Amino acid sequence: MRSIDRPDRQAATPTAASVAGAPNAHARDARSLPDTPPVKAAAENFSFYYGQFQALKSITLPVYEKHVTALIGPSGCGKSTLLRACNRMHDLYPGNRYEGAIRLLPDNTNLLDPAVDPIEVRMRIGMVFQKPNPFPKSIYENVAYGLRIRGEKSRSVLDGRVEEALKGAALWAEVAHRLNEPAFALSGGQQQRLCIARCLATDPEVLLFDEPTSALDPIATASIEELIDQLRQKVTILIVTHNMQQAARVSDFTAYMYLGELIEFGRTRQLFVNPVRRETEDYITGRFG
Amino acid sequence: MRSIDRPDRQAATPTAASVAGAPNAHARDARSLPDTPPVKAAAENFSFYYGQFQALKSITLPVYEKHVTALIGPSGCGKSTLLRACNRMHDLYPGNRYEGAIRLLPDNTNLLDPAVDPIEVRMRIGMVFQKPNPFPKSIYENVAYGLRIRGEKSRSVLDGRVEEALKGAALWAEVAHRLNEPAFALSGGQQQRLCIARCLATDPEVLLFDEPTSALDPIATASIEELIDQLRQKVTILIVTHNMQQAARVSDFTAYMYLGELIEFGRTRQLFVNPVRRETEDYITGRFG
Amino acid sequence: MIPADLSGIQRIIRRNKRRDLIFAIFGFIALLIGVLTFLALFLQMAFAGWERLTPEFFTSFPSRRAGQAGILSAWVGSVLVMLVTAVSAVPLGVAAGVYLEEYATRSLVTDLIEINVTNLAGVPSIVYGLLALGVFVYAFGLGQSILSAGLTLGLLILPVVIVATREAIRSIPQHIREGAYALGATRWQVTRDHIVPYSMPGILTGVIIGMSRAIGETAPVITIGALTFIAFLPESPIGPEFPWLNFEWLKSGFTVMPIQMFNWTSRPEEAFQQNAAAAGFVLVLMTLAMNAISIWIRYHLRKDIKW
Amino acid sequence: MESLESASFEPLRVSDRLARKALRNTKERVIEALLFAAAGVSVLTTVGIVWVLVSESYHFFTVVPIWSFLTDTMWTPLFADAHYGILPLLAGTLTTSLVAVVVAIPLGTTIAIYLSEFARPAVREAVKPFLELLGGIPSIVYGYFALIVVIPLLQLLIPGLPGFNMLGAGIVMGIAIIPYVSSLAEDAMRAVPMSMREGSYAMGGTKFQTAVRVVIPAALSGILSAYILGVSRAVGETMIVAVAAGMQPNFTMNPMEPAQTISAYIVQVALGDLPHGSIGYQSIFAAGLSLMLMTLLLNVAGHFVRRRYREAY
Amino acid sequence: QSIVKVDGSSTVFPITEAVAEDIQKARKGSVKVTVGISGTGGGFKKFCRGEIDVSGASRPIMKKEMEACASAGIRYYELPVAFDALTVIVNPKNTFVKQLTVEQLKKMWEPDAQGKVTSWKQIDSSFPDVPLKLFGAGSDSGTFDYFTEAVVGKAKASRGDFTASEDDNVLVQGVSRDQEAIGYLGYAYYAENQGKLRAVPIVNKEGKAVSPGPDSVISGAYNPLSRPIFIYVSEKALERPEVRDFVTYYMKNASNLATEVKYVPLPPKAYETAMENMSKKKVGTVFGGEAEVGVTIESLLSREAKL
Ligand SMILES: Nc1ncnc2c1ncn2[C@@H]1O[C@H](COP(=O)(O)OP(=O)(O)OP(=O)(O)O)[C@@H](O)[C@H]1O
Ligand SMILES: Nc1ncnc2c1ncn2[C@@H]1O[C@H](COP(=O)(O)OP(=O)(O)OP(=O)(O)O)[C@@H](O)[C@H]1O
Ligand SMILES: [Mg+2]
Ligand SMILES: [Mg+2]
Ligand SMILES: O=P([O-])([O-])[O-]
């Protein structure tokens with residue numbers, strides 16, 4: 001059980017049994033340990049199937065509150081699949097199947113429970129995609145979208161929240177004077193920050209990032225990374241990246257996945273400098289993948 | 001005119017002016033080798049433009065008869081562009097422009113001469129593509145197609161040539177009993193060999209391969225490589241590959257290209273073991289690309 | 001307003017989902033309206049015309065006695081007109097589509113042709129009738145013949161055939177073309193041996209859709225002037241001696257299914273409304289059959305060619 | 001040198017090769033010319049249409065001043081007191097089209113949204129052929145349906161409704177054009193990339209919210225062109241209005257009244273036999289020209305809509 | 001191929017159609033007949049261009065048409081085939097119209113009424129103030145010519161703002177579904193739809209309100225709206241055996257068939273005289289090319305004999 005909380009001390013992930021017995025044990029443990037922050041979410045023996053194909057195999061993984069956790073691994077290893085499971089994105093397509101649990105703390109809700117409405121999950125967890133995908137609306141409406149679908153109509157409330165979110169996404173200075181222009185008029189990096197602002201406006205508990213900078217140029221990438229660095233003060237972040245330098249730069253914890261399995265999880269610095277598993281080392285040093 | 005056949009003694013290519021004075025390292029490399037075979041084709045100061053964009057910059061390169069020449073280099077360096085110029089594939093699209101010459105020996109025709117019919121060029125030079133592209137016809141008709149468009153109607157001649165070509169492509173044993181089945185029923189590797197048989201049926205002087213195995217699994221790849229190894233006895237081969245191991249395995253000569261320029265040309269073994277240029281070394285050792 | 005707690009979120013979700021449900025119901029109803037109208041129309045004609053749908057109905061000429069009237073001259077006329085339509089529109093449309101996709105390089109001329117085809121597709125059919133009246137009937141002196149009608153409908157469906165051809169050709173991957181060119185095929189050989197055969201299912205689908213539209217066209221045929229009592233068949237297209245073809249029928253007067261139906265609809269006697277219903281039923285069956293064939297082609301023939 | 005030339009691998013001598021090339025080139029040229037000619041036929045069609053309409057209308061307008069054609073409120077070209085005001089026909093055309101659009105756009109859009117965003121793929125695949133069939137039914141059959149079924153029904157609901165009226169014709173016409181609207185609009189919506197939808201769902205949006213707030217704005221250009229195509233179909237539709245709307249050039253926009261549309265006037269005249277060259281004969285070409293201009297206007301509008309709202313995703 | 005081409009009046013059409021149908025059956029298809037409906041005027045236009053062999057007419061040929069025929073060198077036989085009673089119809093639910101005078105009809109239909117006379121009350125102060133909805137024959141029809149001549153006093157002089165149709169069903173449907181409607185059409189079409197329509201008695205020259213019907217036509221009491229109807233046969237076409245066969249058959253059977261399709265047949269003598277005139281090659285018309293109203297059966301007989 002310690003293994004979860006002490007990735008630096010032991011290898012890889014906890015045994016299936018350890019988590020199954022006490023779902024939120026790691027949360028407690030986390031709190032009890034001086035060097036790990038409280039757990040915000042955790043996958044427990046989570047498996048996922050695209051129809052017949054098992055894309056994830058019994059993943060057990062904690063996500064620590066107000067820290068950045070990075071998912072790395074070669075293409076096709078299931079990083080996106082895991083991330084998208086966290087807000088039930090797979091529900092949109094037929095034939096997908098979840099097994100096991102992903103729990104959200106502090107209320108310990110199993111996100112995957114069929115009784116839990118996926119919309120509720122998504123309202124609590126924000127997501128930023130690989131390709132910036134602003135809506136075909138004005139900048140303002142993009143940010144206000146989440147509030148509008150929550151039924152907010154008051155213009156002054158919206159104004160305030162939009163400004164706050166844009167500031168939070170470090171975009172306010174650039175767009176304050178043209179909030180009514182279409183979002184497509186922004187550059188790629190700005191669009192991506194707009195998508196982040198769109199999430200921030202609704203105060204999500206967790207933010208999921210799926211290769212948020214892979215479609216961006218280096219300058220835009222730098223600004224997004226900087227933003228993630230600021231955001232970690234306020235929100236829990238889970239980020240998929242295929243850029244190991246990026247993982248090293250922005251994350252506090254890193255999980256290395258391979259062929260649908262979680263191979264190793266630990267503090268980023270440690271995992272990069274001194275990986276426990278050989279596969280991880282091969283991947284990190286570029287000998288493989 | 002012996003110089004044509006003996007690039008080892010003089011400039012690599014037939015017109016003295018173009019290559020003799022050319023400072024290209026590869027020419028010298030080639031010459032310095034004791035026993036190079038006769039030249040079958042040669043690019044001379046060949047430049048190519050996609051509209052305004054210059055994709056190839058004054059390439060000078062010999063292709064030796066009945067040997068395999070590999071083109072390697074990072075993505076976008078112009079390998080495919082060069083290969084496709086050899087059978088005037090670029091003529092199919094508007095706005096492209098050739099400069100310089102690609103000569104086909106022994107008749108010393110400049111393939112790029114506007115007076116030369118591209119159809120004639122393509123009848124002399126076969127091409128195999130990255131993705132197997134059999135026609136949605138029967139296996140038999142795929143192989144017979146080249147002969148049919150050359151006006152061959154006699155069934156017995158066709159039968160003979162089809163069998164011969166399929167044997168040449170090491171496919172006969174697998175398909176002899178089902179020549180009338182659709183080509184799509186074959187596996188990817190078989191399809192690729194079928195495409196090779198399709199070329200062989202018309203006895204091309206040169207065969208161009210553009211990453212012929214990149215869409216195939218390792219087993220199919222091995223069978224294609226083996227086939228190329230046999231083919232070199234009969235036909236001159238120019239192959240593009242992004243897999244350096246493959247280049248090392250199958251080719252006699254290798255050209256390394258970068259950003260539209262030919263950086264280095266030489267015997268494969270020598271180029272891989274002891275490259276003359278630093279860029280080549282960087283690329284080969286994986287330090288770059 | 002913005003919920004901070006879970007129960008707040010759940011309340012909002014409940015409200016939002018209610019709207020989802022309401023819309024889903026509306027959508028379903030809208031769909032039902034469409035589908036039910038189709039059924040109502042079909043069944044109304046089937047019931048109203050049921051008694052008349054005997055074999056004799058198909059083998060009898062029109063008659064003043066509703067009970068004896070049939071659609072022989074009408075369906076034969078429709079078939080012959082469709083024959084002319086197909087023979088004129090298909091080669092022209094396919095050739096034009098092939099030209100635009102395989103031959104033309106972008107130029108002012110091809111732009112013009114493209115814009116033109118798009119616009120033609122939007123021209124009301126009655127305007128084609130006027131064209132036919134002015135050009136075929138009077139300027140060319142073809143009169144009110146099967147040929148005039150067939151050519152008119154041919155022009156009418158030409159854009160449909162062109163567009164279908166182009167779409168079908170566009171779906172052929174470039175590497176198939178390159179494969180053929182690389183073997184030394186000429187443009188025409190590539191077109192003849194690959195482009196046209198492989199796009200055939202798509203072209204056929206388009207042709208059949210176009211024909212099913214043409215077979216129901218009434219207005220342009222009326223404009224040419226085909227509202228006639230005809231109780232005999234045009235001469236057979238198959239002649240008694242070599243080359244076994246006979247083109248007299250092209251000049252023949254004619255009637256077609258929709259005109260026959262219109263004719264009966266126009267009769268004040270109640271009994272003829274039954275005939276109109278029966279003729280309408282047959283006409284709809286004809287177009288349904290054609291549509292069904294095209295759907296079948298789309299789902300089955302195309303499956304054989306996957307890139 | 002000697003050896004090189006004799007070692008030619010090409011079985012043909014150079015002169016033969018050149019001859020073959022020349023032959024091939026001629027053949028290729030001829031074929032290309034033929035194909036080009038085929039493509040030219042569509043242009044000739046347009047030229048023919050414009051020529052016929054304009055030349056006959058030209059004669060018409062030498063007799064009838066354009067001004068009175070555009071402003072006179074009566075259309076009686078075949079009667080003693082001849083008036084040549086297109087307005088009544090225009091009013092009829094617009095009113096029937098309007099009724100049709102009021103039926104087709106909401107229903108068509110709803111169906112499109114439902115199929116694209118709500119229905120399961122199986123339902124979609126099952127229903128779409130039905131809609132296609134609805135679009136394939138000949139308009140004379142719809143006309144019959146309007147006359148025999150829909151108008152009598154409407155007369156039960158609305159006492160005093162005349163036996164021919166624009167309402168019934170328009171409603172049926174609307175149903176007839178639903179498939180055009182719904183299938184094009186659905187295509188446009190389905191072309192919206194999934195990433196756009198995922199963006200909305202990830203924010204906690206429901207299907208309806210996603211459809212209305214994200215997918216529709218993103219597919220706007222396609223949806224608007226679907227509408228324009230629908231309108232253009234309605235404007236040009238002939239047999240339904242000819243059979244069911246009444247044949248009276250009635251200057252009114254009241255759908256409860258009978259009226260004549262431009263297209264219906266043309267068929268009505270064509271049903272008789274006007275002598276080539278008479279003013280009555282020319283009047284149908286003038287009417288046809290107006291119709292053509294209206295649809296052309298719609299086409300151009302469609303073009304600009306597609307430009308203006310080009311999908312930016 | 002020899003086809004007898006007939007076109008012209010929609011009023012004569014039911015008889016011609018019956019003849020065409022029967023002769024084709026009787027001759028087992030060796031005689032082929034097409035019958036178009038272009039209206040009397042339209043028929044004469046084609047007739048005088050030599051496009052058709054026989055033209056049906058619901059009024060005698062007019063000066064202009066005579067000239068057109070003459071200039072094209074077309075001479076013709078004029079054969080009366082039956083009598084028709086133009087019937088003024090209203091909706092059965094219309095209770096206030098008991099009878100109408102010619103003056104009242106004129107008030108409704110004259111060109112001056114166009115756009116002005118729009119209420120029943122304007123026709124007769126005893127009528128209610130409800131909209132007046134008019135349905136009448138199309139301007140290319142003989143019915144229209146005759147009605148305007150008889151009612152307004154000048155052929156073709158009519159208002160234009162009414163539902164004008166060559167298609168009699170439009171008139172039947174229109175009047176039968178609309179309480180405020182009034183229209184006129186050939187008696188045969190009324191007779192077929194007696195349940196849906198009511199014929200209005202017309203006050204004749206003698207001041208008596210008379211309903212249309214075979215008796216009132218034969219007695220001459222239904223005036224001025226009864227009229228003879230004709231076919232015109234081209235002299236040249238008559239030389240062709242199939243045309244002669246057709247016309248002879250027509251004359252022999254006109255009496256029966258006219259009754260069958262609800263017209264008033266002429267006395268047998270009339271058909272015999274017509275045949276005689278034809279065999280004696282007496283071409284031309286017995287009418288002066290002027291519109292005439294109130295021709296009775298007797299006067300028609302005597303004129304024919306005199307040709
Ligand atoms: N919709 C799908 N249906 C079936 N299999 C899928 C689907 N999406 C992904 N897969 C498969 O699931 C596995 C994991 O895919 P996933 O997209 O999660 O990989 P990834 O680690 O994000 O890779 P990348 O770095 O390329 O984004 C892969 O083998 C992939 O082929
Ligand atoms: N049709 C085209 N129009 C314009 N530029 C092109 C076109 N095709 C290729 N290019 C450009 O020309 C350059 C050379 O392309 P080419 O396809 O030859 O590269 P390559 O070496 O084959 O790369 P790869 O290994 O990815 O196949 C690239 O910069 C490419 O972007
Ligand atoms: Mg991914
Ligand atoms: Mg390449
Ligand atoms: O068709 P008509 O008899 O009225 O000329």
# chains A, B, ... in the order shown; residues from 1 in each chain; ligands from 1

$ interface_residues --of "chain A" --to "chain D" --cutoff "9 Å" --atoms "only C-alpha atoms" --output "short mmCIF file (atom, residue, chain, number, x, y, z; two decimals) with N, CA, C and O atoms, in the first residue's frame"
data_model
loop_
_atom_site.label_atom_id
_atom_site.label_comp_id
_atom_site.auth_asym_id
_atom_site.auth_seq_id
_atom_site.Cartn_x
_atom_site.Cartn_y
_atom_site.Cartn_z
N ASN A 87 -12.96 11.36 -17.72
CA ASN A 87 -14.22 12.10 -17.76
C ASN A 87 -15.25 11.41 -18.65
O ASN A 87 -16.09 12.06 -19.23
N ARG A 88 -15.15 10.12 -18.67
CA ARG A 88 -16.16 9.28 -19.34
C ARG A 88 -16.36 9.68 -20.79
O ARG A 88 -17.46 9.62 -21.33
N MET A 89 -15.29 10.11 -21.44
CA MET A 89 -15.39 10.48 -22.85
C MET A 89 -15.76 9.27 -23.70
O MET A 89 -16.39 9.40 -24.74
N LEU A 92 -19.24 8.36 -25.19
CA LEU A 92 -19.81 8.95 -26.41
C LEU A 92 -19.84 7.97 -27.56
O LEU A 92 -20.51 8.18 -28.54
N PRO A 118 -22.44 10.66 -16.52
CA PRO A 118 -21.17 11.16 -17.08
C PRO A 118 -21.13 12.68 -17.14
O PRO A 118 -20.06 13.28 -17.03
N ILE A 119 -22.29 13.31 -17.29
CA ILE A 119 -22.29 14.77 -17.35
C ILE A 119 -21.81 15.35 -16.04
O ILE A 119 -21.06 16.33 -15.99
N GLU A 120 -22.21 14.69 -14.94
CA GLU A 120 -21.79 15.15 -13.63
C GLU A 120 -20.26 15.05 -13.53
O GLU A 120 -19.58 15.98 -13.08
N VAL A 121 -19.74 13.92 -14.00
CA VAL A 121 -18.29 13.73 -13.97
C VAL A 121 -17.61 14.85 -14.76
O VAL A 121 -16.64 15.47 -14.30
N ARG A 122 -18.15 15.11 -15.95
CA ARG A 122 -17.49 16.08 -16.82
C ARG A 122 -17.62 17.49 -16.28
O ARG A 122 -16.80 18.35 -16.58
N MET A 123 -18.67 17.74 -15.50
CA MET A 123 -18.79 19.07 -14.92
C MET A 123 -17.75 19.28 -13.83
O MET A 123 -17.37 20.40 -13.51
N ARG A 124 -17.27 18.18 -13.26
CA ARG A 124 -16.29 18.31 -12.19
C ARG A 124 -14.87 18.26 -12.73
O ARG A 124 -13.94 18.69 -12.06
N ILE A 125 -14.71 17.69 -13.91
CA ILE A 125 -13.37 17.49 -14.44
C ILE A 125 -13.25 18.16 -15.81
O ILE A 125 -14.06 17.89 -16.69
N GLY A 126 -12.30 19.02 -15.96
CA GLY A 126 -12.14 19.70 -17.25
C GLY A 126 -11.16 18.95 -18.14
O GLY A 126 -10.36 18.15 -17.66
N MET A 127 -11.24 19.22 -19.45
CA MET A 127 -10.32 18.53 -20.33
C MET A 127 -9.85 19.46 -21.45
O MET A 127 -10.63 20.21 -22.02
N VAL A 128 -8.56 19.38 -21.74
CA VAL A 128 -7.97 20.16 -22.82
C VAL A 128 -7.39 19.17 -23.81
O VAL A 128 -6.71 18.22 -23.41
N PHE A 129 -7.70 19.40 -25.08
CA PHE A 129 -7.39 18.38 -26.08
C PHE A 129 -6.08 18.68 -26.81
O PHE A 129 -5.51 19.77 -26.72
N LYS A 131 -5.55 18.98 -30.12
CA LYS A 131 -5.69 20.08 -31.06
C LYS A 131 -6.61 21.09 -30.41
O LYS A 131 -7.65 20.72 -29.87
N PRO A 132 -6.21 22.37 -30.38
CA PRO A 132 -7.12 23.36 -29.80
C PRO A 132 -8.48 23.23 -30.48
O PRO A 132 -8.55 23.18 -31.70
N ASN A 133 -9.55 23.14 -29.70
CA ASN A 133 -10.86 23.00 -30.32
C ASN A 133 -11.85 24.03 -29.79
O ASN A 133 -12.88 23.68 -29.22
N PRO A 134 -11.55 25.32 -29.99
CA PRO A 134 -12.52 26.32 -29.56
C PRO A 134 -13.81 26.16 -30.34
O PRO A 134 -13.81 25.61 -31.44
N PHE A 135 -14.91 26.61 -29.77
CA PHE A 135 -16.19 26.55 -30.46
C PHE A 135 -16.25 27.68 -31.48
O PHE A 135 -15.61 28.72 -31.31
N PRO A 136 -17.06 27.51 -32.50
CA PRO A 136 -17.20 28.58 -33.50
C PRO A 136 -18.03 29.73 -32.95
O PRO A 136 -19.13 30.01 -33.44
N LYS A 137 -17.53 30.33 -31.91
CA LYS A 137 -18.22 31.46 -31.28
C LYS A 137 -17.18 32.51 -30.97
O LYS A 137 -16.00 32.33 -31.23
N TYR A 145 -19.16 29.49 -22.10
CA TYR A 145 -19.97 28.33 -22.48
C TYR A 145 -20.32 27.42 -21.31
O TYR A 145 -21.47 27.05 -21.09
N GLY A 146 -19.29 27.08 -20.56
CA GLY A 146 -19.52 26.15 -19.45
C GLY A 146 -20.51 26.71 -18.45
O GLY A 146 -21.32 25.98 -17.87
N ILE A 149 -24.14 26.58 -20.00
CA ILE A 149 -24.83 25.30 -19.94
C ILE A 149 -25.14 24.91 -18.51
O ILE A 149 -25.96 24.03 -18.27
N ARG A 150 -24.55 25.59 -17.56
CA ARG A 150 -24.95 25.38 -16.17
C ARG A 150 -26.10 26.31 -15.80
O ARG A 150 -26.48 26.42 -14.65
N PHE A 184 -11.69 31.66 -33.64
CA PHE A 184 -10.80 31.14 -34.68
C PHE A 184 -9.76 32.16 -35.13
O PHE A 184 -8.80 31.81 -35.80
N CYS A 195 -8.95 27.40 -24.64
CA CYS A 195 -9.59 26.15 -24.23
C CYS A 195 -9.34 25.89 -22.75
O CYS A 195 -10.21 25.36 -22.05
N ARG A 198 -11.59 28.16 -20.88
CA ARG A 198 -12.94 27.62 -20.97
C ARG A 198 -13.18 26.63 -19.84
O ARG A 198 -14.24 26.60 -19.22
N CYS A 199 -12.14 25.82 -19.55
CA CYS A 199 -12.28 24.88 -18.45
C CYS A 199 -12.25 25.59 -17.10
O CYS A 199 -13.05 25.31 -16.21
N THR A 202 -15.29 27.14 -15.12
CA THR A 202 -16.26 26.39 -14.34
C THR A 202 -15.64 25.75 -13.11
O THR A 202 -16.24 24.87 -12.50
#

$ residues_near_ligand --ligand "ligand 2" --cutoff "6 Å" --atoms "only C-alpha atoms and all ligand atoms" --output "list of chain:residue names"
B:Tyr50, B:Ala55, B:Ser75, B:Gly76, B:Cys77, B:Gly78, B:Lys79, B:Ser80, B:Thr81

$ write_last_selection --atoms "N, CA and C atoms" --output "tab-separated table (two decimals), in the first residue's frame"
chain	number	residue	atom	x	y	z
B	50	TYR	N	8.49	22.33	-56.59
B	50	TYR	CA	7.04	22.26	-56.46
B	50	TYR	C	6.55	23.70	-56.51
B	55	ALA	N	12.46	21.72	-54.02
B	55	ALA	CA	12.54	20.53	-53.18
B	55	ALA	C	13.87	19.81	-53.35
B	75	SER	N	12.83	12.78	-42.83
B	75	SER	CA	11.56	13.03	-43.50
B	75	SER	C	11.55	14.41	-44.14
B	76	GLY	N	11.06	14.47	-45.35
B	76	GLY	CA	10.93	15.76	-46.03
B	76	GLY	C	12.19	16.20	-46.74
B	77	CYS	N	13.24	15.36	-46.79
B	77	CYS	CA	14.49	15.80	-47.39
B	77	CYS	C	14.45	15.73	-48.90
B	78	GLY	N	13.42	15.05	-49.45
B	78	GLY	CA	13.30	15.03	-50.90
B	78	GLY	C	13.56	13.68	-51.53
B	79	LYS	N	13.61	12.62	-50.73
B	79	LYS	CA	13.88	11.30	-51.28
B	79	LYS	C	12.81	10.90	-52.28
B	80	SER	N	11.56	10.97	-51.83
B	80	SER	CA	10.48	10.57	-52.72
B	80	SER	C	10.45	11.47	-53.95
B	81	THR	N	10.71	12.73	-53.75
B	81	THR	CA	10.67	13.66	-54.87
B	81	THR	C	11.67	13.24	-55.95

$ residues_around --residues "Glu174 of chain A" --least-positions-apart "4" --cutoff "9 Å" --atoms "only C-alpha atoms" --output "number ranges by chain"
A: 170, 178, 190

$ calpha_fit_rmsd --fixed "chain B" --moving "chain A"
3.9 Å

$ residues_near_ligand --ligand "ligand 1" --cutoff "9 Å" --atoms "only C-alpha atoms and all ligand atoms" --output "VMD selection string"
chain A and resid 49 to 56 71 to 84 90 93 95 to 96 130 210 to 211 240 to 242 257 to 260

$ select_by_dssp --residues "segment 42-250 of chain E" --states "strand (DSSP E)" --output "ChimeraX atom specification"
/E:54-57,76-85,87-90,133-137,163-165,181-185,198-199,202-203,209-210,226-234

$ closest_residue --among "E:Lys133, E:Lys236, E:Lys262, E:Lys282" --to "chain D" --atoms "only C-alpha atoms"
E:Lys133

$ residues_around --residues "segment 158-164 of chain B" --least-positions-apart "5" --cutoff "9 Å" --atoms "only C-alpha atoms" --output "ChimeraX atom specification"
/B:140-141,143-144,147-148,152-153,169,172,176,197-198,200-202

$ residues_around --residues "Ala209 of chain E" --least-positions-apart "4" --cutoff "8 Å" --atoms "only C-alpha atoms" --output "JSON, numbers by chain"
{"E": [99, 100, 201, 202, 203, 204]}

$ write_last_selection --atoms "N, CA, C and O atoms" --output "CSV table (one decimal), in the first residue's frame"
chain,number,residue,atom,x,y,z
E,99,GLN,N,-81.7,31.2,-60.2
E,99,GLN,CA,-81.6,31.2,-61.7
E,99,GLN,C,-80.7,32.5,-62.0
E,99,GLN,O,-80.5,33.3,-61.1
E,100,LEU,N,-80.3,32.5,-63.2
E,100,LEU,CA,-79.5,33.7,-63.6
E,100,LEU,C,-79.9,34.1,-65.0
E,100,LEU,O,-80.3,33.3,-65.9
E,201,PRO,N,-80.4,27.2,-63.6
E,201,PRO,CA,-81.3,27.5,-64.8
E,201,PRO,C,-80.9,28.9,-65.3
E,201,PRO,O,-80.7,29.8,-64.6
E,202,ILE,N,-81.0,29.0,-66.6
E,202,ILE,CA,-80.7,30.2,-67.3
E,202,ILE,C,-81.9,30.8,-67.9
E,202,ILE,O,-82.7,30.0,-68.6
E,203,VAL,N,-82.2,32.0,-67.7
E,203,VAL,CA,-83.3,32.7,-68.3
E,203,VAL,C,-83.1,32.9,-69.8
E,203,VAL,O,-82.1,33.5,-70.2
E,204,ASN,N,-84.0,32.3,-70.6
E,204,ASN,CA,-83.7,32.3,-72.1
E,204,ASN,C,-84.4,33.5,-72.7
E,204,ASN,O,-85.0,34.4,-72.0

$ residues_around --residues "segment 17-32 of chain E" --least-positions-apart "2" --cutoff "7 Å" --atoms "only C-alpha atoms" --output "PyMOL selection string"
(chain C and resi 63-64+231-232) or (chain E and resi 3-4+13-15+34-35+242+250+257)

$ write_last_selection --atoms "N, CA and C atoms" --output "short mmCIF file (atom, residue, chain, number, x, y, z; two decimals), in the first residue's frame"
data_model
loop_
_atom_site.label_atom_id
_atom_site.label_comp_id
_atom_site.auth_asym_id
_atom_site.auth_seq_id
_atom_site.Cartn_x
_atom_site.Cartn_y
_atom_site.Cartn_z
N SER C 63 -58.66 4.35 -71.79
CA SER C 63 -60.02 4.21 -72.31
C SER C 63 -60.92 5.23 -71.65
N ARG C 64 -62.04 5.53 -72.31
CA ARG C 64 -63.00 6.44 -71.69
C ARG C 64 -63.74 5.74 -70.57
N ALA C 231 -53.53 5.24 -77.94
CA ALA C 231 -53.94 3.88 -77.64
C ALA C 231 -53.20 2.90 -78.54
N PHE C 232 -51.99 3.25 -78.87
CA PHE C 232 -51.17 2.28 -79.59
C PHE C 232 -49.74 2.50 -79.15
N ILE E 3 -50.78 7.36 -88.98
CA ILE E 3 -51.50 7.65 -87.76
C ILE E 3 -52.50 8.75 -88.06
N VAL E 4 -53.68 8.60 -87.54
CA VAL E 4 -54.66 9.68 -87.65
C VAL E 4 -54.44 10.61 -86.48
N PHE E 13 -63.53 16.30 -77.12
CA PHE E 13 -62.61 15.21 -76.79
C PHE E 13 -63.30 13.93 -76.33
N PRO E 14 -64.27 14.00 -75.41
CA PRO E 14 -64.86 12.74 -74.96
C PRO E 14 -65.43 11.91 -76.10
N ILE E 15 -66.07 12.57 -77.09
CA ILE E 15 -66.62 11.80 -78.21
C ILE E 15 -65.49 11.24 -79.06
N THR E 34 -54.15 9.34 -82.54
CA THR E 34 -53.78 10.09 -81.34
C THR E 34 -54.75 11.24 -81.18
N VAL E 35 -55.14 11.51 -79.95
CA VAL E 35 -56.07 12.61 -79.72
C VAL E 35 -55.46 13.55 -78.69
N GLU E 242 -56.90 5.56 -93.94
CA GLU E 242 -57.16 5.42 -92.50
C GLU E 242 -57.94 6.61 -91.96
N TYR E 250 -66.58 7.59 -87.34
CA TYR E 250 -67.01 8.66 -86.43
C TYR E 250 -68.47 9.02 -86.71
N LEU E 257 -72.25 7.28 -79.42
CA LEU E 257 -71.17 7.65 -78.51
C LEU E 257 -71.46 8.98 -77.84
#

$ residues_near_ligand --ligand "ligand 5" --cutoff "10 Å" --atoms "only C-alpha atoms and all ligand atoms" --output "number ranges by chain"
D: 272; E: 7-13, 37-44, 56-59, 84, 86, 136-147, 165-168, 185-186, 229-230

$ residues_around --residues "segment 260-268 of chain C" --least-positions-apart "5" --cutoff "6 Å" --atoms "only C-alpha atoms" --output "PyMOL selection string"
(chain C and resi 273+276+279) or (chain E and resi 169)
